[in-house]
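Below is the file coords-v7.pdb, which contains PDB, C-alpha atoms and all ligand atoms.
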```pdb
ATOM      1  CA  MET A   1     -10.781  72.617  16.121
ATOM      2  CA  ASN A   2     -10.224  69.127  17.499
ATOM      3  CA  ALA A   3     -11.925  66.242  15.744
ATOM      4  CA  ILE A   4     -12.737  64.373  18.952
ATOM      5  CA  VAL A   5     -12.711  65.524  22.580
ATOM      6  CA  PHE A   6     -13.493  63.358  25.609
ATOM      7  CA  ASP A   7     -13.696  65.564  28.679
ATOM      8  CA  HIS A   8     -13.715  63.574  31.949
ATOM      9  CA  VAL A   9     -16.028  60.951  30.486
ATOM     10  CA  SER A  10     -17.266  58.068  32.635
ATOM     11  CA  LYS A  11     -19.755  55.357  31.777
ATOM     12  CA  HIS A  12     -21.350  52.966  34.250
ATOM     13  CA  TYR A  13     -23.412  49.915  33.344
ATOM     14  CA  GLY A  14     -25.086  49.402  36.714
ATOM     15  CA  ASP A  15     -22.185  48.606  39.027
ATOM     16  CA  VAL A  16     -19.649  48.147  36.223
ATOM     17  CA  LEU A  17     -17.483  51.187  35.547
ATOM     18  CA  ALA A  18     -16.599  50.642  31.870
ATOM     19  CA  VAL A  19     -15.053  54.072  31.186
ATOM     20  CA  ASP A  20     -13.447  55.885  34.089
ATOM     21  CA  ASP A  21     -12.834  59.636  33.848
ATOM     22  CA  LEU A  22     -11.359  59.458  30.351
ATOM     23  CA  SER A  23     -10.040  62.700  28.850
ATOM     24  CA  LEU A  24      -8.400  62.857  25.435
ATOM     25  CA  THR A  25      -8.302  64.897  22.269
ATOM     26  CA  ILE A  26      -7.741  63.761  18.707
ATOM     27  CA  GLU A  27      -6.762  66.205  15.986
ATOM     28  CA  PRO A  28      -8.252  66.078  12.495
ATOM     29  CA  GLY A  29      -6.358  63.917  10.014
ATOM     30  CA  ASN A  30      -4.852  61.571  12.602
ATOM     31  CA  THR A  31      -5.124  57.806  12.490
ATOM     32  CA  VAL A  32      -5.351  56.654  16.075
ATOM     33  CA  ALA A  33      -5.354  53.128  17.497
ATOM     34  CA  LEU A  34      -7.361  52.462  20.631
ATOM     35  CA  LEU A  35      -5.582  49.554  22.190
ATOM     36  CA  GLY A  36      -6.559  47.606  25.279
ATOM     37  CA  PRO A  37      -7.197  44.136  26.631
ATOM     38  CA  ASN A  38     -10.659  42.525  26.727
ATOM     39  CA  GLY A  39     -13.114  44.603  28.699
ATOM     40  CA  ALA A  40     -10.884  47.712  28.693
ATOM     41  CA  GLY A  41     -13.720  49.929  27.485
ATOM     42  CA  LYS A  42     -12.866  50.261  23.778
ATOM     43  CA  SER A  43     -16.302  49.388  22.377
ATOM     44  CA  THR A  44     -18.013  51.457  25.049
ATOM     45  CA  SER A  45     -15.889  54.472  24.087
ATOM     46  CA  ILE A  46     -16.750  54.023  20.408
ATOM     47  CA  ASN A  47     -20.447  53.636  21.179
ATOM     48  CA  LEU A  48     -20.299  56.795  23.315
ATOM     49  CA  LEU A  49     -18.685  58.637  20.401
ATOM     50  CA  LEU A  50     -21.473  57.515  18.109
ATOM     51  CA  GLY A  51     -24.122  58.665  20.570
ATOM     52  CA  LEU A  52     -25.392  55.065  20.901
ATOM     53  CA  LEU A  53     -24.629  55.311  24.628
ATOM     54  CA  LYS A  54     -24.752  58.408  26.835
ATOM     55  CA  PRO A  55     -21.956  59.133  29.323
ATOM     56  CA  THR A  56     -22.788  58.866  33.016
ATOM     57  CA  ALA A  57     -20.511  61.896  33.528
ATOM     58  CA  GLY A  58     -18.449  64.201  31.333
ATOM     59  CA  THR A  59     -18.912  65.429  27.769
ATOM     60  CA  ILE A  60     -17.901  64.366  24.261
ATOM     61  CA  ALA A  61     -17.466  66.738  21.327
ATOM     62  CA  VAL A  62     -17.037  65.805  17.665
ATOM     63  CA  HIS A  63     -15.820  68.780  15.619
ATOM     64  CA  GLY A  64     -17.425  70.933  18.299
ATOM     65  CA  ARG A  65     -20.820  69.193  18.126
ATOM     66  CA  THR A  66     -22.502  66.568  20.266
ATOM     67  CA  PRO A  67     -22.186  63.000  18.938
ATOM     68  CA  ASP A  68     -25.879  62.987  17.959
ATOM     69  CA  GLU A  69     -25.482  66.198  15.940
ATOM     70  CA  ALA A  70     -22.318  64.896  14.265
ATOM     71  CA  VAL A  71     -24.037  61.633  13.279
ATOM     72  CA  ARG A  72     -27.053  63.514  11.919
ATOM     73  CA  ALA A  73     -24.748  65.733   9.857
ATOM     74  CA  GLY A  74     -23.184  62.604   8.310
ATOM     75  CA  GLN A  75     -19.790  63.407   9.826
ATOM     76  CA  MET A  76     -19.200  59.972  11.319
ATOM     77  CA  GLY A  77     -19.015  56.555   9.761
ATOM     78  CA  ALA A  78     -18.610  53.381  11.759
ATOM     79  CA  MET A  79     -17.778  49.752  11.282
ATOM     80  CA  LEU A  80     -18.905  47.982  14.428
ATOM     81  CA  GLN A  81     -18.143  44.461  15.576
ATOM     82  CA  ASN A  82     -21.191  42.883  14.003
ATOM     83  CA  GLY A  83     -23.648  44.203  11.557
ATOM     84  CA  ALA A  84     -25.777  42.044   9.296
ATOM     85  CA  LEU A  85     -25.832  42.726   5.555
ATOM     86  CA  ILE A  86     -29.088  42.432   3.585
ATOM     87  CA  PRO A  87     -28.548  38.983   1.994
ATOM     88  CA  GLU A  88     -30.674  39.440  -1.158
ATOM     89  CA  LEU A  89     -28.950  42.583  -2.390
ATOM     90  CA  SER A  90     -25.808  42.709  -4.469
ATOM     91  CA  VAL A  91     -22.777  44.508  -3.070
ATOM     92  CA  LYS A  92     -23.382  47.426  -5.436
ATOM     93  CA  GLU A  93     -27.104  47.707  -4.591
ATOM     94  CA  LEU A  94     -26.461  47.592  -0.874
ATOM     95  CA  ILE A  95     -23.778  50.283  -0.988
ATOM     96  CA  ASP A  96     -25.895  52.478  -3.237
ATOM     97  CA  LEU A  97     -28.875  52.128  -0.909
ATOM     98  CA  VAL A  98     -26.826  53.276   2.063
ATOM     99  CA  ARG A  99     -24.931  56.075   0.288
ATOM    100  CA  ARG A 100     -28.228  57.664  -0.793
ATOM    101  CA  LEU A 101     -29.125  58.185   2.874
ATOM    102  CA  TYR A 102     -26.333  60.751   3.262
ATOM    103  CA  PRO A 103     -26.319  64.406   2.230
ATOM    104  CA  ASN A 104     -22.919  64.338   0.466
ATOM    105  CA  PRO A 105     -21.980  60.725  -0.222
ATOM    106  CA  LEU A 106     -18.970  59.459  -2.123
ATOM    107  CA  ALA A 107     -19.604  58.296  -5.694
ATOM    108  CA  LEU A 108     -20.503  54.596  -5.938
ATOM    109  CA  ASP A 109     -17.476  53.777  -8.089
ATOM    110  CA  GLU A 110     -15.173  55.520  -5.662
ATOM    111  CA  ILE A 111     -16.553  53.561  -2.710
ATOM    112  CA  LEU A 112     -16.164  50.277  -4.611
ATOM    113  CA  LYS A 113     -12.593  51.200  -5.493
ATOM    114  CA  LEU A 114     -11.647  52.357  -1.987
ATOM    115  CA  ALA A 115     -13.067  49.200  -0.415
ATOM    116  CA  ASP A 116     -11.451  47.014  -3.089
ATOM    117  CA  LEU A 117     -14.852  45.682  -4.142
ATOM    118  CA  THR A 118     -15.037  46.635  -7.817
ATOM    119  CA  GLU A 119     -14.738  43.008  -8.917
ATOM    120  CA  LEU A 120     -17.359  41.876  -6.411
ATOM    121  CA  ALA A 121     -19.902  44.614  -7.201
ATOM    122  CA  GLY A 122     -22.470  42.179  -8.647
ATOM    123  CA  ARG A 123     -22.080  39.454  -5.994
ATOM    124  CA  ARG A 124     -25.001  38.863  -3.619
ATOM    125  CA  ALA A 125     -24.218  39.683   0.008
ATOM    126  CA  ASN A 126     -24.995  36.126   1.147
ATOM    127  CA  LYS A 127     -22.327  34.741  -1.202
ATOM    128  CA  LEU A 128     -19.423  36.648   0.324
ATOM    129  CA  SER A 129     -16.611  35.257   2.447
ATOM    130  CA  GLY A 130     -16.031  36.642   5.939
ATOM    131  CA  GLY A 131     -13.210  38.932   4.783
ATOM    132  CA  GLN A 132     -15.253  40.153   1.791
ATOM    133  CA  SER A 133     -18.234  40.900   4.068
ATOM    134  CA  GLN A 134     -15.936  42.977   6.254
ATOM    135  CA  ARG A 135     -14.895  44.977   3.171
ATOM    136  CA  VAL A 136     -18.576  45.630   2.445
ATOM    137  CA  ARG A 137     -19.040  46.838   6.047
ATOM    138  CA  PHE A 138     -16.076  49.136   5.484
ATOM    139  CA  ALA A 139     -17.686  50.399   2.251
ATOM    140  CA  LEU A 140     -20.930  51.143   4.126
ATOM    141  CA  ALA A 141     -18.964  52.992   6.820
ATOM    142  CA  ILE A 142     -17.302  55.312   4.283
ATOM    143  CA  ALA A 143     -20.342  55.692   1.979
ATOM    144  CA  GLY A 144     -21.382  59.039   3.469
ATOM    145  CA  ALA A 145     -17.822  60.457   3.124
ATOM    146  CA  PRO A 146     -17.523  60.878   6.903
ATOM    147  CA  ARG A 147     -14.797  63.142   8.274
ATOM    148  CA  ILE A 148     -14.376  60.698  11.135
ATOM    149  CA  LEU A 149     -14.245  56.953  10.654
ATOM    150  CA  LEU A 150     -14.615  54.651  13.668
ATOM    151  CA  LEU A 151     -13.606  51.015  13.313
ATOM    152  CA  ASP A 152     -14.213  48.541  16.137
ATOM    153  CA  GLU A 153     -11.794  45.629  15.753
ATOM    154  CA  PRO A 154     -12.189  45.766  11.973
ATOM    155  CA  THR A 155      -9.869  42.877  11.116
ATOM    156  CA  ALA A 156     -11.175  40.362  13.668
ATOM    157  CA  ALA A 157     -11.548  37.018  11.858
ATOM    158  CA  MET A 158      -9.701  38.178   8.711
ATOM    159  CA  ASP A 159      -6.829  36.163   7.297
ATOM    160  CA  VAL A 160      -3.454  37.725   6.598
ATOM    161  CA  GLU A 161      -4.177  38.726   3.000
ATOM    162  CA  SER A 162      -7.573  40.202   3.873
ATOM    163  CA  ARG A 163      -5.923  42.248   6.601
ATOM    164  CA  LEU A 164      -3.353  43.652   4.219
ATOM    165  CA  ARG A 165      -6.053  44.646   1.739
ATOM    166  CA  PHE A 166      -8.171  46.108   4.496
ATOM    167  CA  TRP A 167      -5.404  48.312   5.886
ATOM    168  CA  ALA A 168      -4.504  49.509   2.388
ATOM    169  CA  SER A 169      -8.149  50.622   1.979
ATOM    170  CA  MET A 170      -8.122  52.342   5.354
ATOM    171  CA  HIS A 171      -4.933  54.255   4.502
ATOM    172  CA  ASP A 172      -6.395  55.348   1.143
ATOM    173  CA  TYR A 173      -9.450  56.723   2.890
ATOM    174  CA  ALA A 174      -7.434  58.434   5.634
ATOM    175  CA  SER A 175      -5.002  59.978   3.154
ATOM    176  CA  ALA A 176      -7.540  62.650   2.191
ATOM    177  CA  GLY A 177      -7.061  64.254   5.644
ATOM    178  CA  ARG A 178      -9.776  62.253   7.395
ATOM    179  CA  THR A 179      -9.648  61.143  11.014
ATOM    180  CA  VAL A 180      -9.670  57.432  11.798
ATOM    181  CA  LEU A 181     -10.010  55.831  15.227
ATOM    182  CA  PHE A 182      -9.751  52.060  15.335
ATOM    183  CA  ALA A 183     -10.028  49.702  18.286
ATOM    184  CA  THR A 184      -7.799  46.672  18.234
ATOM    185  CA  HIS A 185      -6.264  43.920  20.345
ATOM    186  CA  TYR A 186      -3.523  43.487  17.790
ATOM    187  CA  LEU A 187      -0.413  45.307  18.877
ATOM    188  CA  GLU A 188       1.252  45.009  15.497
ATOM    189  CA  GLU A 189      -1.741  46.667  13.842
ATOM    190  CA  ALA A 190      -1.571  49.566  16.257
ATOM    191  CA  ASP A 191       2.161  49.816  15.633
ATOM    192  CA  GLU A 192       1.976  49.658  11.839
ATOM    193  CA  HIS A 193      -1.224  51.458  10.998
ATOM    194  CA  SER A 194      -1.584  54.410  13.358
ATOM    195  CA  ASP A 195       0.156  57.722  13.981
ATOM    196  CA  ARG A 196      -0.775  57.524  17.618
ATOM    197  CA  VAL A 197      -1.667  54.784  20.082
ATOM    198  CA  ILE A 198      -4.025  55.319  22.997
ATOM    199  CA  VAL A 199      -3.833  52.453  25.481
ATOM    200  CA  ILE A 200      -6.764  52.019  27.816
ATOM    201  CA  ALA A 201      -7.095  49.523  30.628
ATOM    202  CA  LYS A 202     -10.029  49.198  33.027
ATOM    203  CA  GLY A 203     -11.634  52.209  31.373
ATOM    204  CA  ARG A 204      -8.690  54.481  32.143
ATOM    205  CA  LEU A 205      -6.011  56.020  29.989
ATOM    206  CA  ALA A 206      -2.842  53.920  30.454
ATOM    207  CA  ALA A 207      -0.645  55.528  27.762
ATOM    208  CA  ASP A 208      -0.901  57.932  24.853
ATOM    209  CA  GLY A 209       1.759  58.536  22.218
ATOM    210  CA  THR A 210       3.389  57.077  19.139
ATOM    211  CA  ALA A 211       4.112  53.350  19.278
ATOM    212  CA  ALA A 212       7.827  54.227  19.647
ATOM    213  CA  GLU A 213       7.147  56.547  22.593
ATOM    214  CA  ILE A 214       5.036  53.921  24.316
ATOM    215  CA  LYS A 215       7.742  51.290  23.910
ATOM    216  CA  ALA A 216      10.352  53.678  25.315
ATOM    217  CA  GLY A 217       8.119  54.932  28.127
ATOM    218  CA  ALA A 218       7.358  51.443  29.411
ATOM    219  CA  GLY A 219      11.027  50.609  30.004
ATOM    220  CA  GLY A 220      11.578  49.726  26.395
ATOM    221  CA  HIS A 221      14.738  47.584  26.496
ATOM    222  CA  THR A 222      16.173  44.622  28.322
ATOM    223  CA  VAL A 223      19.712  43.675  29.267
ATOM    224  CA  SER A 224      20.113  40.066  30.318
ATOM    225  CA  PHE A 225      23.108  37.994  31.374
ATOM    226  CA  ALA A 226      24.029  34.738  33.107
ATOM    227  CA  LEU A 227      24.084  35.564  36.810
ATOM    228  CA  GLY A 228      24.731  32.085  38.177
ATOM    229  CA  GLU A 229      25.137  32.176  41.945
ATOM    230  CA  GLN A 230      26.138  35.840  42.106
ATOM    231  CA  PRO A 231      24.074  38.238  44.268
ATOM    232  CA  THR A 232      21.305  40.358  42.783
ATOM    233  CA  ALA A 233      21.582  43.146  45.340
ATOM    234  CA  GLY A 234      21.832  46.605  43.810
ATOM    235  CA  LEU A 235      20.794  45.629  40.268
ATOM    236  CA  ASP A 236      17.497  47.467  40.673
ATOM    237  CA  ARG A 237      19.388  50.655  41.549
ATOM    238  CA  LEU A 238      21.478  50.768  38.360
ATOM    239  CA  PRO A 239      20.711  53.799  36.179
ATOM    240  CA  GLY A 240      17.762  53.340  33.821
ATOM    241  CA  VAL A 241      16.611  50.075  35.404
ATOM    242  CA  THR A 242      12.854  49.866  35.902
ATOM    243  CA  ALA A 243      12.512  46.186  36.879
ATOM    244  CA  VAL A 244      14.707  43.143  37.544
ATOM    245  CA  GLU A 245      13.750  39.535  36.944
ATOM    246  CA  VAL A 246      15.880  36.525  37.840
ATOM    247  CA  ALA A 247      14.968  33.103  36.502
ATOM    248  CA  GLY A 248      17.033  29.999  35.795
ATOM    249  CA  GLY A 249      20.270  31.751  36.724
ATOM    250  CA  VAL A 250      19.658  34.542  34.197
ATOM    251  CA  ALA A 251      19.133  38.153  35.273
ATOM    252  CA  THR A 252      16.968  40.345  33.036
ATOM    253  CA  LEU A 253      17.074  44.074  33.640
ATOM    254  CA  HIS A 254      14.303  46.186  32.078
ATOM    255  CA  THR A 255      15.759  49.567  31.315
ATOM    256  CA  SER A 256      14.834  52.878  29.771
ATOM    257  CA  ASP A 257      18.512  53.649  29.051
ATOM    258  CA  THR A 258      20.540  50.685  27.840
ATOM    259  CA  ASP A 259      23.823  52.628  27.565
ATOM    260  CA  ALA A 260      23.700  53.934  31.138
ATOM    261  CA  THR A 261      22.671  50.542  32.524
ATOM    262  CA  LEU A 262      25.472  48.718  30.697
ATOM    263  CA  ALA A 263      28.130  51.234  31.695
ATOM    264  CA  ALA A 264      27.107  50.971  35.349
ATOM    265  CA  LEU A 265      26.898  47.174  35.174
ATOM    266  CA  TYR A 266      30.524  46.933  34.025
ATOM    267  CA  ARG A 267      32.057  49.857  35.904
ATOM    268  CA  GLY A 268      29.922  50.106  39.006
ATOM    269  CA  THR A 269      29.589  46.449  40.019
ATOM    270  CA  THR A 270      31.993  43.591  40.567
ATOM    271  CA  LEU A 271      29.734  41.109  38.798
ATOM    272  CA  ASP A 272      31.193  38.706  36.286
ATOM    273  CA  VAL A 273      28.852  39.491  33.344
ATOM    274  CA  ARG A 274      28.637  36.637  30.809
ATOM    275  CA  GLU A 275      26.351  35.733  27.932
ATOM    276  CA  LEU A 276      25.157  39.309  27.670
ATOM    277  CA  LYS A 277      22.068  39.858  25.523
ATOM    278  CA  LEU A 278      20.392  43.138  24.629
ATOM    279  CA  SER A 279      16.909  43.398  23.265
ATOM    280  CA  SER A 280      14.469  46.075  22.401
ATOM    281  CA  ALA A 281      11.144  45.464  24.062
ATOM    282  CA  ASP A 282       8.393  45.277  21.490
ATOM    283  CA  LEU A 283       5.058  46.948  21.822
ATOM    284  CA  GLU A 284       3.696  43.756  23.320
ATOM    285  CA  SER A 285       5.853  43.887  26.433
ATOM    286  CA  ALA A 286       5.268  47.625  26.750
ATOM    287  CA  PHE A 287       1.538  46.995  26.468
ATOM    288  CA  LEU A 288       1.608  44.209  29.050
ATOM    289  CA  ALA A 289       3.619  46.359  31.451
ATOM    290  CA  LEU A 290       1.209  49.267  31.030
ATOM    291  CA  THR A 291      -1.983  47.299  31.380
ATOM    292  CA  ARG A 292      -0.601  45.363  34.362
ATOM    293  CA  GLU A 293       0.251  48.598  36.162
ATOM    294  CA  SER A 294      -3.190  50.120  35.799
TER     295      SER A 294
HETATM  296  N1  LIG B 301     -24.285  46.285  28.122
HETATM  297  C1  LIG B 301     -23.451  46.056  29.133
HETATM  298  N2  LIG B 301     -23.909  45.802  30.372
HETATM  299  C2  LIG B 301     -23.079  45.604  31.422
HETATM  300  N3  LIG B 301     -21.719  45.624  31.316
HETATM  301  C3  LIG B 301     -21.212  45.865  30.102
HETATM  302  C4  LIG B 301     -22.039  46.080  28.949
HETATM  303  N4  LIG B 301     -21.222  46.297  27.870
HETATM  304  C5  LIG B 301     -19.959  46.213  28.342
HETATM  305  N5  LIG B 301     -19.943  45.954  29.678
HETATM  306  C6  LIG B 301     -18.754  45.827  30.529
HETATM  307  O1  LIG B 301     -18.032  47.043  30.439
HETATM  308  C7  LIG B 301     -16.626  46.799  30.386
HETATM  309  C8  LIG B 301     -16.048  47.370  29.101
HETATM  310  O2  LIG B 301     -16.557  46.643  27.996
HETATM  311  P1  LIG B 301     -16.207  46.987  26.477
HETATM  312  O3  LIG B 301     -17.010  46.094  25.608
HETATM  313  O4  LIG B 301     -16.319  48.460  26.265
HETATM  314  O5  LIG B 301     -14.653  46.604  26.423
HETATM  315  P2  LIG B 301     -13.719  46.320  25.155
HETATM  316  O6  LIG B 301     -12.428  46.973  25.473
HETATM  317  O7  LIG B 301     -14.388  46.752  23.899
HETATM  318  O8  LIG B 301     -13.591  44.740  25.215
HETATM  319  P3  LIG B 301     -13.353  43.666  24.029
HETATM  320  O9  LIG B 301     -11.954  43.880  23.561
HETATM  321  O10 LIG B 301     -13.514  42.373  24.753
HETATM  322  O11 LIG B 301     -14.381  43.911  22.955
HETATM  323  C9  LIG B 301     -16.470  45.288  30.538
HETATM  324  O12 LIG B 301     -16.270  45.019  31.906
HETATM  325  C10 LIG B 301     -17.813  44.753  30.072
HETATM  326  O13 LIG B 301     -18.090  43.515  30.692
END
```
Let me see the structure of the file written as structure tokens.
Amino acid sequence: MNAIVFDHVSKHYGDVLAVDDLSLTIEPGNTVALLGPNGAGKSTSINLLLGLLKPTAGTIAVHGRTPDEAVRAGQMGAMLQNGALIPELSVKELIDLVRRLYPNPLALDEILKLADLTELAGRRANKLSGGQSQRVRFALAIAGAPRILLLDEPTAAMDVESRLRFWASMHDYASAGRTVLFATHYLEEADEHSDRVIVIAKGRLAADGTAAEIKAGAGGHTVSFALGEQPTAGLDRLPGVTAVEVAGGVATLHTSDTDATLAALYRGTTLDVRELKLSSADLESAFLALTRES
């Protein structure tokens, strides 16, 4: 059975269509990045999954149950964008308080270890740094041993070292066959820390695949050369070429097949090709191309 199913889900806030006929399935054990620019509908989708919002149309299933049923059964844990911690309690007390609310929680020591908080167990919540507070929020999200973990921009405002520690914790938790869905703006995080990337823009699905597939599918490579005064006609019809840009006397061809484009450039045109450069588009340009299109 799928872990998460969105079936033609839409969500309106008054006149604003935040999620627009979104259909997707996520299998158990996958770590999936939900990537999209500001206002794409990432938080709305996560809140719909948690049952905090109801869809205007369509249905959502979590291991075959409604979101409300799945939350009640302790199957979902979430780390949302802001959530206050109780300042007077120590890290250990706070986590223990929350874990006791669940039917089958993880052991306290295991949570502290997974969230990399063992050394901070006695520290009061109001004496934690921003990155440490985020680790406590992560600990609270996993306390009930949820099968599905939802993380809404979990590393926002973390420094580089905190991010590394955070992602190590997330991978440890996911490694026991759990499903993780995290929303992010950071392309490199989606690339490095997920098995699958779902790109949404304006509430719609813009791409779905591994980071490598998304890079390839969005015209993943560029071939550029000094064009000078030579004509550009026909460049857009070379095999593999998806877009042509000319700026400052340099032509840049976006291509899905570098070999075919290069062969045709040399054999099929009379252009004098100089200062040739090849580059692999990164996820960022693929992402920009995808979100621009939609
Ligand atoms: N409570 C609300 N009332 C009205 N409009 C809302 C509300 N919450 C979100 N929206 C709008 O819905 C759209 C999607 O917002 P959402 O917060 O889901 O996007 P997001 O991808 O999470 O953005 P960000 O990356 O900036 O957090 C945006 O246009 C936003 O302005």
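Residues in contact with A:Met170 at 10 Å, where only C-alpha atoms are counted and same-chain residues fewer than 2 positions away are skipped, are listed as Thr31, Leu114, Ala115, Phe138, Ile142, Leu149, Leu151, Leu164, Arg165, Phe166, Trp167, Ala168, Asp172, Tyr173, Ala174, Ser175, Val180 and His193 of chain A.
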Pull out every residue that the PyMOL selection byres (((not hetatm)) within 9 of (chain B and resi 301)) matches in the shown coordinates and put them as a compact mmCIF listing (two decimals) with C-alpha atoms, in the frame of the given file.
```txt
# COMPACT_ATOMS: atom_id res chain seq x y z
CA LYS A 11 -19.76 55.36 31.78
CA HIS A 12 -21.35 52.97 34.25
CA TYR A 13 -23.41 49.92 33.34
CA GLY A 14 -25.09 49.40 36.71
CA ASP A 15 -22.18 48.61 39.03
CA VAL A 16 -19.65 48.15 36.22
CA LEU A 17 -17.48 51.19 35.55
CA ALA A 18 -16.60 50.64 31.87
CA VAL A 19 -15.05 54.07 31.19
CA LEU A 34 -7.36 52.46 20.63
CA LEU A 35 -5.58 49.55 22.19
CA GLY A 36 -6.56 47.61 25.28
CA PRO A 37 -7.20 44.14 26.63
CA ASN A 38 -10.66 42.52 26.73
CA GLY A 39 -13.11 44.60 28.70
CA ALA A 40 -10.88 47.71 28.69
CA GLY A 41 -13.72 49.93 27.48
CA LYS A 42 -12.87 50.26 23.78
CA SER A 43 -16.30 49.39 22.38
CA THR A 44 -18.01 51.46 25.05
CA SER A 45 -15.89 54.47 24.09
CA ILE A 46 -16.75 54.02 20.41
CA ASN A 47 -20.45 53.64 21.18
CA GLN A 81 -18.14 44.46 15.58
CA ASP A 152 -14.21 48.54 16.14
CA GLU A 153 -11.79 45.63 15.75
CA ALA A 183 -10.03 49.70 18.29
CA THR A 184 -7.80 46.67 18.23
CA HIS A 185 -6.26 43.92 20.34
CA ILE A 200 -6.76 52.02 27.82
CA ALA A 201 -7.10 49.52 30.63
CA LYS A 202 -10.03 49.20 33.03
CA GLY A 203 -11.63 52.21 31.37
```
Could you name the residues that touch A:Arg100 at 12 Å or less, counting all atoms listed in the file, but leaving out those on the same chain fewer than 4 positions away, as an mmCIF file with C-alpha atoms, in the frame of the given file?
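Once written, selection.cif looks like this:
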```cif
data_model
loop_
_atom_site.group_PDB
_atom_site.id
_atom_site.type_symbol
_atom_site.label_atom_id
_atom_site.label_comp_id
_atom_site.auth_asym_id
_atom_site.auth_seq_id
_atom_site.Cartn_x
_atom_site.Cartn_y
_atom_site.Cartn_z
ATOM 1 C CA GLY A 74 -23.184 62.604 8.310
ATOM 2 C CA GLU A 93 -27.104 47.707 -4.591
ATOM 3 C CA LEU A 94 -26.461 47.592 -0.874
ATOM 4 C CA ILE A 95 -23.778 50.283 -0.988
ATOM 5 C CA ASP A 96 -25.895 52.478 -3.237
ATOM 6 C CA ASN A 104 -22.919 64.338 0.466
ATOM 7 C CA PRO A 105 -21.980 60.725 -0.222
ATOM 8 C CA LEU A 106 -18.970 59.459 -2.123
ATOM 9 C CA ALA A 107 -19.604 58.296 -5.694
ATOM 10 C CA LEU A 108 -20.503 54.596 -5.938
ATOM 11 C CA LEU A 140 -20.930 51.143 4.126
ATOM 12 C CA ALA A 143 -20.342 55.692 1.979
ATOM 13 C CA GLY A 144 -21.382 59.039 3.469
ATOM 14 C CA ALA A 145 -17.822 60.457 3.124
#
```
- Query: So which residues get picked by the PyMOL selection byres (((chain A and resi 1) around 8) and not hetatm) here, written as a PyMOL selection string?
  - Reply: chain A and resi 2-3+27-28+63-64
- Query: When the PyMOL selection byres (((chain A and resi 6) around 7) and not hetatm) is applied to the file above, which residues end up in the set, as a list of chain:residue names?
  - Reply: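 Applied to this file, the PyMOL selection byres (((chain A and resi 6) around 7) and not hetatm) returns A:Ile4, A:Val5, A:Asp7, A:His8, A:Val9, A:Leu22, A:Ser23, A:Leu24, A:Thr25, A:Thr59, A:Ile60, A:Ala61.
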- Note on the structure: atom CA of A:Ala211 to atom CA of A:Glu188 measures 9.6 Å
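If you look at atom CA of A:Thr252 and atom CA of A:Phe225, they are 6.8 Å away from each other.
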- Message: Ranking A:Ser279, A:Ser133, A:Ser90, A:Thr179 by minimum distance to A:Met76 and counting all atoms listed in the file, which one comes first?
- Response: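 Comparing A:Ser279, A:Ser133, A:Ser90, A:Thr179 against A:Met76, the winner is A:Thr179.
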